[in-house]
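Printed here is protein.tsv (TSV, C-alpha atoms):
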chain	number	residue	atom	x	y	z
A	1	MET	CA	-44.63	-23.85	-50.44
A	2	SER	CA	-44.11	-20.50	-48.83
A	3	LEU	CA	-41.14	-18.60	-50.15
A	4	VAL	CA	-40.76	-16.79	-46.85
A	5	ASN	CA	-40.37	-20.11	-45.13
A	6	THR	CA	-37.35	-20.93	-47.25
A	7	LEU	CA	-35.80	-17.48	-46.90
A	8	LEU	CA	-33.29	-18.46	-44.24
A	9	PRO	CA	-33.61	-21.99	-42.82
A	10	SER	CA	-32.43	-22.41	-39.25
A	11	ASP	CA	-29.42	-24.51	-40.26
A	12	GLN	CA	-28.22	-21.56	-42.35
A	13	ILE	CA	-28.22	-19.35	-39.26
A	14	GLN	CA	-25.30	-19.46	-36.81
A	15	VAL	CA	-24.56	-17.54	-33.61
A	16	VAL	CA	-21.13	-17.56	-31.97
A	17	GLU	CA	-19.68	-15.67	-29.02
A	18	ALA	CA	-16.50	-14.45	-30.69
A	19	ILE	CA	-14.20	-15.15	-33.61
A	20	GLU	CA	-10.58	-14.29	-34.27
A	21	SER	CA	-10.69	-12.50	-37.61
A	22	TRP	CA	-13.15	-11.21	-40.18
A	23	GLN	CA	-11.73	-13.69	-42.71
A	24	GLN	CA	-12.59	-16.56	-40.38
A	25	ALA	CA	-16.02	-15.06	-39.84
A	26	VAL	CA	-16.69	-14.92	-43.58
A	27	ALA	CA	-15.54	-18.53	-43.97
A	28	LEU	CA	-17.72	-19.69	-41.07
A	29	ALA	CA	-20.69	-17.66	-42.30
A	30	GLY	CA	-20.47	-19.38	-45.68
A	31	GLU	CA	-19.90	-22.87	-44.31
A	32	PRO	CA	-23.55	-24.03	-44.32
A	33	LEU	CA	-23.79	-23.12	-48.02
A	34	LEU	CA	-20.49	-24.83	-48.75
A	35	LYS	CA	-21.66	-28.04	-47.00
A	36	ARG	CA	-24.77	-28.12	-49.17
A	37	ASN	CA	-22.68	-27.48	-52.26
A	38	TYR	CA	-24.66	-24.28	-52.92
A	39	ILE	CA	-21.33	-22.49	-53.25
A	40	THR	CA	-17.73	-23.60	-53.74
A	41	SER	CA	-14.79	-22.58	-51.58
A	42	ALA	CA	-13.78	-20.28	-54.45
A	43	TYR	CA	-16.79	-18.12	-53.64
A	44	ILE	CA	-15.67	-17.70	-50.05
A	45	GLN	CA	-12.19	-16.75	-51.24
A	46	SER	CA	-13.72	-14.23	-53.67
A	47	MET	CA	-15.70	-12.55	-50.90
A	48	ILE	CA	-12.56	-12.19	-48.82
A	49	ALA	CA	-10.52	-10.97	-51.80
A	50	SER	CA	-13.19	-8.43	-52.64
A	51	VAL	CA	-12.92	-6.80	-49.21
A	52	GLU	CA	-9.14	-6.86	-49.39
A	53	GLU	CA	-9.26	-5.21	-52.79
A	54	HIS	CA	-12.07	-2.68	-52.45
A	55	GLY	CA	-12.19	-2.05	-48.72
A	56	PRO	CA	-15.02	-2.76	-46.29
A	57	TYR	CA	-17.74	-1.16	-48.42
A	58	MET	CA	-19.94	-4.19	-47.77
A	59	VAL	CA	-20.40	-2.94	-44.21
A	60	LEU	CA	-23.74	-1.28	-44.86
A	61	ALA	CA	-24.63	-0.21	-41.33
A	62	ASP	CA	-23.05	-0.33	-37.90
A	63	TYR	CA	-22.14	-3.99	-37.30
A	64	PHE	CA	-23.71	-5.24	-40.54
A	65	ALA	CA	-21.80	-6.71	-43.49
A	66	LEU	CA	-23.51	-7.97	-46.62
A	67	MET	CA	-20.90	-10.39	-47.89
A	68	HIS	CA	-20.98	-11.30	-51.53
A	69	ALA	CA	-18.79	-11.63	-54.62
A	70	ARG	CA	-19.36	-11.51	-58.33
A	71	PRO	CA	-22.59	-13.38	-59.17
A	72	GLY	CA	-22.35	-16.79	-60.74
A	73	GLU	CA	-18.68	-17.52	-60.10
A	74	GLY	CA	-18.56	-20.30	-57.53
A	75	VAL	CA	-22.33	-20.25	-57.01
A	76	ASN	CA	-24.31	-23.43	-57.71
A	77	GLN	CA	-27.54	-22.28	-56.17
A	78	GLN	CA	-28.83	-18.91	-55.16
A	79	SER	CA	-28.76	-18.87	-51.38
A	80	MET	CA	-28.08	-16.90	-48.22
A	81	SER	CA	-26.67	-17.64	-44.79
A	82	LEU	CA	-26.26	-15.66	-41.61
A	83	LEU	CA	-23.62	-15.51	-38.90
A	84	VAL	CA	-24.04	-13.39	-35.79
A	85	VAL	CA	-20.93	-12.85	-33.68
A	86	LYS	CA	-21.73	-11.42	-30.26
A	87	GLU	CA	-18.36	-9.73	-29.90
A	88	PRO	CA	-17.62	-7.35	-32.77
A	89	VAL	CA	-14.97	-8.43	-35.28
A	90	ASP	CA	-12.73	-5.83	-36.86
A	91	MET	CA	-13.05	-5.62	-40.64
A	92	LEU	CA	-10.49	-3.07	-41.79
A	93	ASP	CA	-11.38	-0.66	-38.97
A	94	LYS	CA	-15.11	-1.33	-39.09
A	95	PRO	CA	-16.66	-3.40	-36.29
A	96	VAL	CA	-18.97	-6.15	-37.56
A	97	LYS	CA	-21.30	-8.49	-35.69
A	98	ILE	CA	-23.64	-9.61	-38.47
A	99	PHE	CA	-22.34	-11.38	-41.59
A	100	LEU	CA	-25.03	-12.03	-44.17
A	101	VAL	CA	-23.68	-14.10	-47.04
A	102	LEU	CA	-25.39	-13.60	-50.36
A	103	ALA	CA	-24.70	-16.09	-53.14
A	104	ALA	CA	-26.32	-14.90	-56.33
A	105	LYS	CA	-26.43	-16.73	-59.65
A	106	ASP	CA	-27.05	-13.61	-61.71
A	107	ASN	CA	-27.96	-9.95	-61.32
A	108	GLN	CA	-31.72	-10.44	-60.97
A	109	SER	CA	-33.14	-13.67	-59.56
A	110	HIS	CA	-32.13	-13.10	-55.92
A	111	LEU	CA	-33.43	-9.55	-55.67
A	112	GLU	CA	-36.85	-10.41	-54.33
A	113	SER	CA	-35.55	-12.61	-51.50
A	114	LEU	CA	-32.79	-10.13	-50.72
A	115	GLN	CA	-35.33	-7.34	-50.54
A	116	ARG	CA	-37.50	-9.37	-48.15
A	117	ILE	CA	-34.59	-10.28	-45.93
A	118	MET	CA	-33.28	-6.70	-45.89
A	119	THR	CA	-36.68	-5.42	-44.84
A	120	ILE	CA	-36.11	-7.36	-41.62
A	121	PHE	CA	-32.59	-5.97	-41.10
A	122	MET	CA	-33.77	-2.43	-41.80
A	123	ASP	CA	-36.37	-2.64	-39.05
A	124	THR	CA	-34.60	-1.01	-36.08
A	125	GLN	CA	-36.28	-3.18	-33.44
A	126	LYS	CA	-35.66	-6.42	-35.28
A	127	TYR	CA	-32.10	-5.32	-35.99
A	128	GLN	CA	-31.45	-4.88	-32.27
A	129	MET	CA	-32.94	-8.29	-31.63
A	130	ILE	CA	-30.57	-9.89	-34.15
A	131	LEU	CA	-27.59	-8.12	-32.54
A	132	GLU	CA	-28.52	-9.66	-29.20
A	133	GLY	CA	-27.74	-13.03	-30.72
A	134	ASN	CA	-30.54	-15.27	-29.47
A	135	LYS	CA	-30.63	-17.96	-32.13
A	136	ALA	CA	-34.19	-19.11	-31.51
A	137	GLU	CA	-35.49	-15.56	-31.78
A	138	ILE	CA	-33.44	-14.87	-34.89
A	139	THR	CA	-34.64	-18.05	-36.56
A	140	GLU	CA	-38.22	-17.09	-35.86
A	141	LEU	CA	-37.67	-13.64	-37.38
A	142	PHE	CA	-36.61	-15.14	-40.69
A	143	ASN	CA	-39.30	-17.80	-40.70
A	144	GLU	CA	-42.31	-15.74	-39.72
A	145	GLY	CA	-44.08	-16.60	-42.95
A	146	GLY	CA	-43.78	-20.30	-42.20
A	147	ASN	CA	-47.43	-20.66	-41.28
A	148	GLU	CA	-48.73	-19.16	-44.47
A	149	GLN	CA	-48.21	-22.27	-46.54
B	1	MET	CA	-36.05	12.53	-61.68
B	2	LYS	CA	-33.94	9.42	-62.12
B	3	ILE	CA	-31.73	8.27	-59.27
B	4	LEU	CA	-29.12	5.56	-59.62
B	5	ALA	CA	-27.75	3.51	-56.70
B	6	VAL	CA	-24.37	2.08	-57.61
B	7	CYS	CA	-22.11	-0.63	-56.14
B	8	GLY	CA	-19.24	-2.79	-57.35
B	9	PHE	CA	-21.14	-5.86	-58.53
B	10	GLY	CA	-24.68	-4.54	-58.72
B	11	VAL	CA	-26.09	-7.52	-56.84
B	12	GLY	CA	-26.30	-6.76	-53.15
B	13	SER	CA	-25.16	-3.45	-51.77
B	14	SER	CA	-26.75	-1.27	-54.44
B	15	MET	CA	-30.04	-3.08	-53.93
B	16	VAL	CA	-29.94	-2.17	-50.25
B	17	LEU	CA	-28.98	1.40	-51.12
B	18	LYS	CA	-31.94	1.53	-53.51
B	19	MET	CA	-34.27	0.40	-50.71
B	20	SER	CA	-32.97	3.17	-48.45
B	21	ILE	CA	-33.25	5.79	-51.22
B	22	ASP	CA	-36.81	4.63	-51.87
B	23	LYS	CA	-37.61	5.40	-48.24
B	24	VAL	CA	-36.07	8.88	-48.51
B	25	VAL	CA	-37.93	9.58	-51.76
B	26	LYS	CA	-41.15	8.69	-49.97
B	27	GLU	CA	-40.28	10.76	-46.89
B	28	LEU	CA	-39.49	13.84	-48.96
B	29	GLY	CA	-42.41	13.29	-51.31
B	30	LEU	CA	-40.17	13.35	-54.39
B	31	LYS	CA	-41.26	12.24	-57.81
B	32	ALA	CA	-38.44	9.92	-58.74
B	33	THR	CA	-37.54	6.52	-60.06
B	34	VAL	CA	-34.73	4.69	-58.30
B	35	GLU	CA	-32.68	1.98	-59.97
B	36	ASN	CA	-29.64	0.03	-58.85
B	37	THR	CA	-26.74	-1.17	-60.91
B	38	ASP	CA	-23.04	-2.06	-60.93
B	39	LEU	CA	-20.28	0.47	-61.55
B	40	SER	CA	-19.56	-0.28	-65.21
B	41	THR	CA	-23.24	-0.21	-66.21
B	42	ALA	CA	-23.72	2.99	-64.21
B	43	LYS	CA	-21.01	4.74	-66.21
B	44	ALA	CA	-23.07	4.26	-69.38
B	45	THR	CA	-26.47	4.94	-67.80
B	46	PRO	CA	-27.71	8.52	-67.71
B	47	ALA	CA	-29.39	9.70	-64.50
B	48	ASP	CA	-30.07	12.96	-62.68
B	49	VAL	CA	-28.06	11.97	-59.65
B	50	TYR	CA	-25.92	9.03	-58.54
B	51	PHE	CA	-25.32	7.65	-55.05
B	52	THR	CA	-22.44	5.30	-54.33
B	53	SER	CA	-19.78	4.40	-51.77
B	54	GLN	CA	-16.75	6.52	-50.90
B	55	GLU	CA	-14.55	3.85	-52.49
B	56	LEU	CA	-16.25	4.08	-55.90
B	57	LEU	CA	-16.91	7.83	-55.83
B	58	SER	CA	-14.00	9.18	-57.86
B	59	GLU	CA	-14.20	6.51	-60.54
B	60	LEU	CA	-17.90	7.12	-61.10
B	61	LYS	CA	-17.51	10.91	-60.90
B	62	SER	CA	-14.97	10.91	-63.70
B	63	SER	CA	-17.32	8.99	-66.01
B	64	VAL	CA	-20.70	10.68	-65.61
B	65	LYS	CA	-21.92	14.25	-66.07
B	66	ALA	CA	-24.54	14.33	-63.32
B	67	PRO	CA	-23.59	14.85	-59.66
B	68	VAL	CA	-22.41	11.87	-57.58
B	69	TYR	CA	-22.83	11.76	-53.81
B	70	PRO	CA	-21.02	9.36	-51.46
B	71	ILE	CA	-22.94	7.31	-48.88
B	72	LYS	CA	-21.05	5.77	-45.96
B	73	LYS	CA	-23.75	3.45	-44.68
B	74	TYR	CA	-26.18	2.18	-47.27
B	75	MET	CA	-28.78	1.33	-44.62
B	76	ASP	CA	-28.61	4.73	-42.92
B	77	VAL	CA	-31.75	6.50	-44.09
B	78	ALA	CA	-30.82	9.68	-42.18
B	79	GLU	CA	-27.47	9.94	-43.94
B	80	ILE	CA	-29.03	9.37	-47.34
B	81	ARG	CA	-31.74	11.89	-46.59
B	82	SER	CA	-29.16	14.54	-45.76
B	83	GLN	CA	-27.19	13.80	-48.96
B	84	MET	CA	-30.41	13.93	-50.95
B	85	GLU	CA	-31.29	17.30	-49.43
B	86	LYS	CA	-27.79	18.50	-50.26
B	87	TYR	CA	-28.33	17.48	-53.88
B	88	LEU	CA	-31.73	19.17	-54.03
B	89	ASN	CA	-30.30	22.42	-52.61
B	90	GLU	CA	-27.28	22.41	-54.89
B	91	ARG	CA	-29.47	21.69	-57.89
B	92	GLU	CA	-31.66	24.66	-57.14
B	93	GLY	CA	-28.81	26.96	-56.22
In structure tokens, what does this structure look like?
Amino acid sequence: MSLVNTLLPSDQIQVVEAIESWQQAVALAGEPLLKRNYITSAYIQSMIASVEEHGPYMVLADYFALMHARPGEGVNQQSMSLLVVKEPVDMLDKPVKIFLVLAAKDNQSHLESLQRIMTIFMDTQKYQMILEGNKAEITELFNEGGNEQ
Amino acid sequence: MKILAVCGFGVGSSMVLKMSIDKVVKELGLKATVENTDLSTAKATPADVYFTSQELLSELKSSVKAPVYPIKKYMDVAEIRSQMEKYLNEREG
């Protein structure tokens, strides 16, 4: 089985036009993981609380937020999910369009998949493509290794 | 030279910061190792220079001897490059 293929399955990728608040965006972004029982609702609350407590430091680039909380707590399985909102959402004065949820079980085991996924986000061309919010194109980006099985 | 990338939990953001610093190290042709960690581990880990967020800057600064530089956007290689150059200049000067 190709690891790249399982990096971000299409049902863990969502694109919406707009959303009311960043809190709602974080909750929606985490929903696919919640449905699969990969995380509990406590993890979603922790991510929100972390921003409220420490500020929007998880906004790592214009429009990009890497949402996560303390590893292990509320995480049943290491996983990631992605929400793209076409209209920017205000997160404590920072506009965000991309919410990448990272659920880690510990400090180490997710690093390789995170590194692979971030390589895609750090590619300027691919980043622009993700911002455009075409779900089929985005899904393809994160499943490019699918044929290497 | 040892460079430490620091974030609150040491799981996500600092890993991304490390990736960006790695790019800068390559661009500038520096001989350096880059590691990432959470704030409390960083306080007890010696390094030549630390990079972290504005929010964690003062707490880290008060706990380590080596210089600490703030980074606004962890994915912004240009910003990190300019902070790295600042460190290199200040170190020499």
Taking all atoms listed in the file into account, what are the residues of chain B at most 10 Å from chain A, put as a PDB file with C-alpha atoms, keeping the file's coordinate frame?
ATOM      1  CA  CYS B   7     -22.110  -0.630 -56.140  1.00  0.00           C
ATOM      2  CA  GLY B   8     -19.240  -2.790 -57.350  1.00  0.00           C
ATOM      3  CA  PHE B   9     -21.140  -5.860 -58.530  1.00  0.00           C
ATOM      4  CA  GLY B  10     -24.680  -4.540 -58.720  1.00  0.00           C
ATOM      5  CA  VAL B  11     -26.090  -7.520 -56.840  1.00  0.00           C
ATOM      6  CA  GLY B  12     -26.300  -6.760 -53.150  1.00  0.00           C
ATOM      7  CA  SER B  13     -25.160  -3.450 -51.770  1.00  0.00           C
ATOM      8  CA  SER B  14     -26.750  -1.270 -54.440  1.00  0.00           C
ATOM      9  CA  MET B  15     -30.040  -3.080 -53.930  1.00  0.00           C
ATOM     10  CA  VAL B  16     -29.940  -2.170 -50.250  1.00  0.00           C
ATOM     11  CA  LEU B  17     -28.980   1.400 -51.120  1.00  0.00           C
ATOM     12  CA  LYS B  18     -31.940   1.530 -53.510  1.00  0.00           C
ATOM     13  CA  MET B  19     -34.270   0.400 -50.710  1.00  0.00           C
ATOM     14  CA  SER B  20     -32.970   3.170 -48.450  1.00  0.00           C
ATOM     15  CA  THR B  37     -26.740  -1.170 -60.910  1.00  0.00           C
ATOM     16  CA  ASP B  38     -23.040  -2.060 -60.930  1.00  0.00           C
ATOM     17  CA  THR B  52     -22.440   5.300 -54.330  1.00  0.00           C
ATOM     18  CA  SER B  53     -19.780   4.400 -51.770  1.00  0.00           C
ATOM     19  CA  GLN B  54     -16.750   6.520 -50.900  1.00  0.00           C
ATOM     20  CA  GLU B  55     -14.550   3.850 -52.490  1.00  0.00           C
ATOM     21  CA  LEU B  56     -16.250   4.080 -55.900  1.00  0.00           C
ATOM     22  CA  ILE B  71     -22.940   7.310 -48.880  1.00  0.00           C
ATOM     23  CA  LYS B  72     -21.050   5.770 -45.960  1.00  0.00           C
ATOM     24  CA  LYS B  73     -23.750   3.450 -44.680  1.00  0.00           C
ATOM     25  CA  TYR B  74     -26.180   2.180 -47.270  1.00  0.00           C
ATOM     26  CA  MET B  75     -28.780   1.330 -44.620  1.00  0.00           C
ATOM     27  CA  ASP B  76     -28.610   4.730 -42.920  1.00  0.00           C
ATOM     28  CA  VAL B  77     -31.750   6.500 -44.090  1.00  0.00           C
TER      29      VAL B  77
END
Which residue of B:Glu79, B:Asp48, B:Glu90, B:Glu85 approaches Leu4 of chain B most closely, using all atoms listed in the file =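 The shortest atom-to-atom distance to Leu4 of chain B comes from B:Asp48.
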task = Would you list the contacts of Gly30 of chain A as a list in words, taking every protein, DNA or RNA residue within 9 Å and counting all atoms listed in the file, but skipping same-chain residues closer than 4 positions in sequence?
result =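 Within the cut-off, the hits are Gln12, Ala25, Val26, Leu34, Lys35, Ile39, Ser41, Tyr43, Ile44, Met80, Ser81, Leu82, Leu83, Leu100, Val101 and Leu102 of chain A.
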Atom pair atom CA of Ile19 of chain A / atom CA of Pro88 of chain A: separation (Å) =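 Atom-to-atom, atom CA of Ile19 of chain A to atom CA of Pro88 of chain A, that is 8.6 Å.
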Can I get segment 11-31 of chain A with N, CA and C atoms filled in, as a PDB file, in the frame of the given file?
ATOM      1  N   ASP A  11     -30.793 -23.993 -40.175  1.00  0.00           N
ATOM      2  CA  ASP A  11     -29.420 -24.510 -40.260  1.00  0.00           C
ATOM      3  C   ASP A  11     -28.525 -23.645 -41.152  1.00  0.00           C
ATOM      4  N   GLN A  12     -29.061 -22.531 -41.659  1.00  0.00           N
ATOM      5  CA  GLN A  12     -28.220 -21.560 -42.350  1.00  0.00           C
ATOM      6  C   GLN A  12     -28.043 -20.300 -41.501  1.00  0.00           C
ATOM      7  N   ILE A  13     -28.397 -20.434 -40.216  1.00  0.00           N
ATOM      8  CA  ILE A  13     -28.220 -19.350 -39.260  1.00  0.00           C
ATOM      9  C   ILE A  13     -27.275 -19.847 -38.161  1.00  0.00           C
ATOM     10  N   GLN A  14     -26.233 -19.083 -37.871  1.00  0.00           N
ATOM     11  CA  GLN A  14     -25.300 -19.460 -36.810  1.00  0.00           C
ATOM     12  C   GLN A  14     -25.078 -18.271 -35.871  1.00  0.00           C
ATOM     13  N   VAL A  15     -24.912 -18.569 -34.596  1.00  0.00           N
ATOM     14  CA  VAL A  15     -24.560 -17.540 -33.610  1.00  0.00           C
ATOM     15  C   VAL A  15     -23.346 -18.032 -32.846  1.00  0.00           C
ATOM     16  N   VAL A  16     -22.301 -17.211 -32.777  1.00  0.00           N
ATOM     17  CA  VAL A  16     -21.130 -17.560 -31.970  1.00  0.00           C
ATOM     18  C   VAL A  16     -20.789 -16.405 -31.041  1.00  0.00           C
ATOM     19  N   GLU A  17     -20.044 -16.699 -29.991  1.00  0.00           N
ATOM     20  CA  GLU A  17     -19.680 -15.670 -29.020  1.00  0.00           C
ATOM     21  C   GLU A  17     -18.638 -14.700 -29.595  1.00  0.00           C
ATOM     22  N   ALA A  18     -17.593 -15.276 -30.177  1.00  0.00           N
ATOM     23  CA  ALA A  18     -16.500 -14.450 -30.690  1.00  0.00           C
ATOM     24  C   ALA A  18     -15.751 -15.227 -31.756  1.00  0.00           C
ATOM     25  N   ILE A  19     -15.012 -14.500 -32.574  1.00  0.00           N
ATOM     26  CA  ILE A  19     -14.200 -15.150 -33.610  1.00  0.00           C
ATOM     27  C   ILE A  19     -12.958 -14.306 -33.829  1.00  0.00           C
ATOM     28  N   GLU A  20     -11.878 -14.962 -34.256  1.00  0.00           N
ATOM     29  CA  GLU A  20     -10.580 -14.290 -34.270  1.00  0.00           C
ATOM     30  C   GLU A  20     -10.453 -13.188 -35.325  1.00  0.00           C
ATOM     31  N   SER A  21     -10.891 -13.485 -36.539  1.00  0.00           N
ATOM     32  CA  SER A  21     -10.690 -12.500 -37.610  1.00  0.00           C
ATOM     33  C   SER A  21     -11.919 -12.434 -38.505  1.00  0.00           C
ATOM     34  N   TRP A  22     -12.010 -11.342 -39.256  1.00  0.00           N
ATOM     35  CA  TRP A  22     -13.150 -11.210 -40.180  1.00  0.00           C
ATOM     36  C   TRP A  22     -13.083 -12.263 -41.285  1.00  0.00           C
ATOM     37  N   GLN A  23     -11.862 -12.650 -41.670  1.00  0.00           N
ATOM     38  CA  GLN A  23     -11.730 -13.690 -42.710  1.00  0.00           C
ATOM     39  C   GLN A  23     -12.326 -15.004 -42.219  1.00  0.00           C
ATOM     40  N   GLN A  24     -12.022 -15.339 -40.950  1.00  0.00           N
ATOM     41  CA  GLN A  24     -12.590 -16.560 -40.380  1.00  0.00           C
ATOM     42  C   GLN A  24     -14.108 -16.463 -40.274  1.00  0.00           C
ATOM     43  N   ALA A  25     -14.576 -15.259 -39.949  1.00  0.00           N
ATOM     44  CA  ALA A  25     -16.020 -15.060 -39.840  1.00  0.00           C
ATOM     45  C   ALA A  25     -16.706 -15.274 -41.184  1.00  0.00           C
ATOM     46  N   VAL A  26     -16.106 -14.750 -42.245  1.00  0.00           N
ATOM     47  CA  VAL A  26     -16.690 -14.920 -43.580  1.00  0.00           C
ATOM     48  C   VAL A  26     -16.714 -16.408 -43.958  1.00  0.00           C
ATOM     49  N   ALA A  27     -15.612 -17.100 -43.657  1.00  0.00           N
ATOM     50  CA  ALA A  27     -15.540 -18.530 -43.970  1.00  0.00           C
ATOM     51  C   ALA A  27     -16.594 -19.314 -43.189  1.00  0.00           C
ATOM     52  N   LEU A  28     -16.723 -19.003 -41.891  1.00  0.00           N
ATOM     53  CA  LEU A  28     -17.720 -19.690 -41.070  1.00  0.00           C
ATOM     54  C   LEU A  28     -19.142 -19.357 -41.527  1.00  0.00           C
ATOM     55  N   ALA A  29     -19.362 -18.095 -41.852  1.00  0.00           N
ATOM     56  CA  ALA A  29     -20.690 -17.660 -42.300  1.00  0.00           C
ATOM     57  C   ALA A  29     -21.111 -18.415 -43.560  1.00  0.00           C
ATOM     58  N   GLY A  30     -20.158 -18.713 -44.429  1.00  0.00           N
ATOM     59  CA  GLY A  30     -20.470 -19.380 -45.680  1.00  0.00           C
ATOM     60  C   GLY A  30     -20.500 -20.896 -45.595  1.00  0.00           C
ATOM     61  N   GLU A  31     -20.046 -21.418 -44.453  1.00  0.00           N
ATOM     62  CA  GLU A  31     -19.900 -22.870 -44.310  1.00  0.00           C
ATOM     63  C   GLU A  31     -21.179 -23.683 -44.571  1.00  0.00           C
TER      64      GLU A  31
END
